[in-house]
Amino acid sequence: MKKIVKLRKDQAAIIFAPQGCQLVYPEGTDTNLQHVTLAASLTVAIQYEFFIQGMYAFLKDVTTERKQEVTH
């Protein structure tokens, strides 16, 4: 699914999708602006949270399988 987001220069947006989130801003945007930096930091934090949740689920599955192998 494609979404069109119209932003002016020096604006930024965090786009959420089922696969995660992404920071978007127009070419030429000053990335040192406080709101752009904040949006970038939030995006990284959200992506990190998705990563941690995925790793937790993976490790839980692996340890569950290993316990089953040991008991059989």
# chains A, B, ... in the order shown; residues from 1 in each chain; ligands from 1

$ select_by_dssp --residues "stretch 2-67 of chain A" --states "helix (DSSP H, G or I)" --output "ChimeraX atom specification"
/A:34-67

$ select_by_dssp --residues "chain A" --states "strand (DSSP E)" --output "ChimeraX atom specification"
/A:13-17,20-24

$ residues_around --residues "stretch 25-34 of chain A" --least-positions-apart "4" --cutoff "8 Å" --atoms "only C-alpha atoms" --output "PyMOL selection string"
chain A and resi 7-13+38

$ write_last_selection --atoms "N, CA, C and O atoms" --output "PDB file, in the first residue's frame"
ATOM      1  N   LEU A   7       4.851  17.143   2.553  1.00  0.00           N
ATOM      2  CA  LEU A   7       5.546  17.890   3.592  1.00  0.00           C
ATOM      3  C   LEU A   7       6.260  19.081   2.974  1.00  0.00           C
ATOM      4  O   LEU A   7       6.788  18.991   1.869  1.00  0.00           O
ATOM      5  N   ARG A   8       6.284  20.157   3.710  1.00  0.00           N
ATOM      6  CA  ARG A   8       7.074  21.309   3.278  1.00  0.00           C
ATOM      7  C   ARG A   8       8.501  21.130   3.764  1.00  0.00           C
ATOM      8  O   ARG A   8       8.766  20.337   4.664  1.00  0.00           O
ATOM      9  N   LYS A   9       9.404  21.907   3.172  1.00  0.00           N
ATOM     10  CA  LYS A   9      10.791  21.872   3.605  1.00  0.00           C
ATOM     11  C   LYS A   9      10.853  22.151   5.104  1.00  0.00           C
ATOM     12  O   LYS A   9      10.083  22.944   5.625  1.00  0.00           O
ATOM     13  N   ASP A  10      11.750  21.489   5.772  1.00  0.00           N
ATOM     14  CA  ASP A  10      11.973  21.591   7.210  1.00  0.00           C
ATOM     15  C   ASP A  10      10.828  21.010   8.040  1.00  0.00           C
ATOM     16  O   ASP A  10      10.641  21.351   9.193  1.00  0.00           O
ATOM     17  N   GLN A  11      10.059  20.105   7.434  1.00  0.00           N
ATOM     18  CA  GLN A  11       9.067  19.330   8.169  1.00  0.00           C
ATOM     19  C   GLN A  11       9.506  17.870   8.138  1.00  0.00           C
ATOM     20  O   GLN A  11      10.255  17.453   7.265  1.00  0.00           O
ATOM     21  N   ALA A  12       9.032  17.115   9.095  1.00  0.00           N
ATOM     22  CA  ALA A  12       9.318  15.686   9.137  1.00  0.00           C
ATOM     23  C   ALA A  12       8.068  14.957   9.602  1.00  0.00           C
ATOM     24  O   ALA A  12       7.202  15.544  10.253  1.00  0.00           O
ATOM     25  N   ALA A  13       7.968  13.686   9.246  1.00  0.00           N
ATOM     26  CA  ALA A  13       6.827  12.876   9.654  1.00  0.00           C
ATOM     27  C   ALA A  13       7.300  11.462   9.965  1.00  0.00           C
ATOM     28  O   ALA A  13       8.216  10.952   9.324  1.00  0.00           O
ATOM     29  N   LEU A  38      14.057  15.373  17.095  1.00  0.00           N
ATOM     30  CA  LEU A  38      13.160  14.644  17.991  1.00  0.00           C
ATOM     31  C   LEU A  38      12.438  13.529  17.249  1.00  0.00           C
ATOM     32  O   LEU A  38      12.353  12.399  17.736  1.00  0.00           O
TER      33      LEU A  38
END

$ residues_around --residues "A:Thr43" --least-positions-apart "5" --cutoff "9 Å" --atoms "only C-alpha atoms" --output "ChimeraX atom specification"
/A:14,21-23,38,48

$ atom_distance --atom1 "atom CA of A:Ala45" --atom2 "atom CA of A:Phe58"
19.9 Å

$ closest_residue --among "A:Phe50, A:Ala40, A:Val62, A:Lys2" --to "A:Gly20" --atoms "only C-alpha atoms"
A:Phe50

$ atom_distance --atom1 "atom CA of A:Ile4" --atom2 "atom CA of A:Pro18"
16.7 Å

$ closest_residue --among "A:Gln19, A:Glu65, A:Lys60, A:His35" --to "A:Gln47" --atoms "only C-alpha atoms"
A:Gln19

$ residues_around --residues "A:Lys3" --least-positions-apart "4" --cutoff "12 Å" --atoms "only C-alpha atoms" --output "MDAnalysis selection string"
chainID A and resid 15:17 24

$ write_last_selection --atoms "N, CA and C atoms" --output "PDB file, in the first residue's frame"
ATOM      1  N   ILE A  15       6.059   7.759   9.767  1.00  0.00           N
ATOM      2  CA  ILE A  15       5.053   6.958   9.083  1.00  0.00           C
ATOM      3  C   ILE A  15       5.008   5.578   9.746  1.00  0.00           C
ATOM      4  N   PHE A  16       3.822   5.176  10.192  1.00  0.00           N
ATOM      5  CA  PHE A  16       3.647   3.873  10.830  1.00  0.00           C
ATOM      6  C   PHE A  16       3.023   2.895   9.849  1.00  0.00           C
ATOM      7  N   ALA A  17       3.537   1.675   9.867  1.00  0.00           N
ATOM      8  CA  ALA A  17       3.027   0.602   9.016  1.00  0.00           C
ATOM      9  C   ALA A  17       3.094  -0.695   9.821  1.00  0.00           C
ATOM     10  N   VAL A  24      10.375  10.331   7.499  1.00  0.00           N
ATOM     11  CA  VAL A  24      10.473  10.911   6.158  1.00  0.00           C
ATOM     12  C   VAL A  24      10.519  12.429   6.275  1.00  0.00           C
TER      13      VAL A  24
END
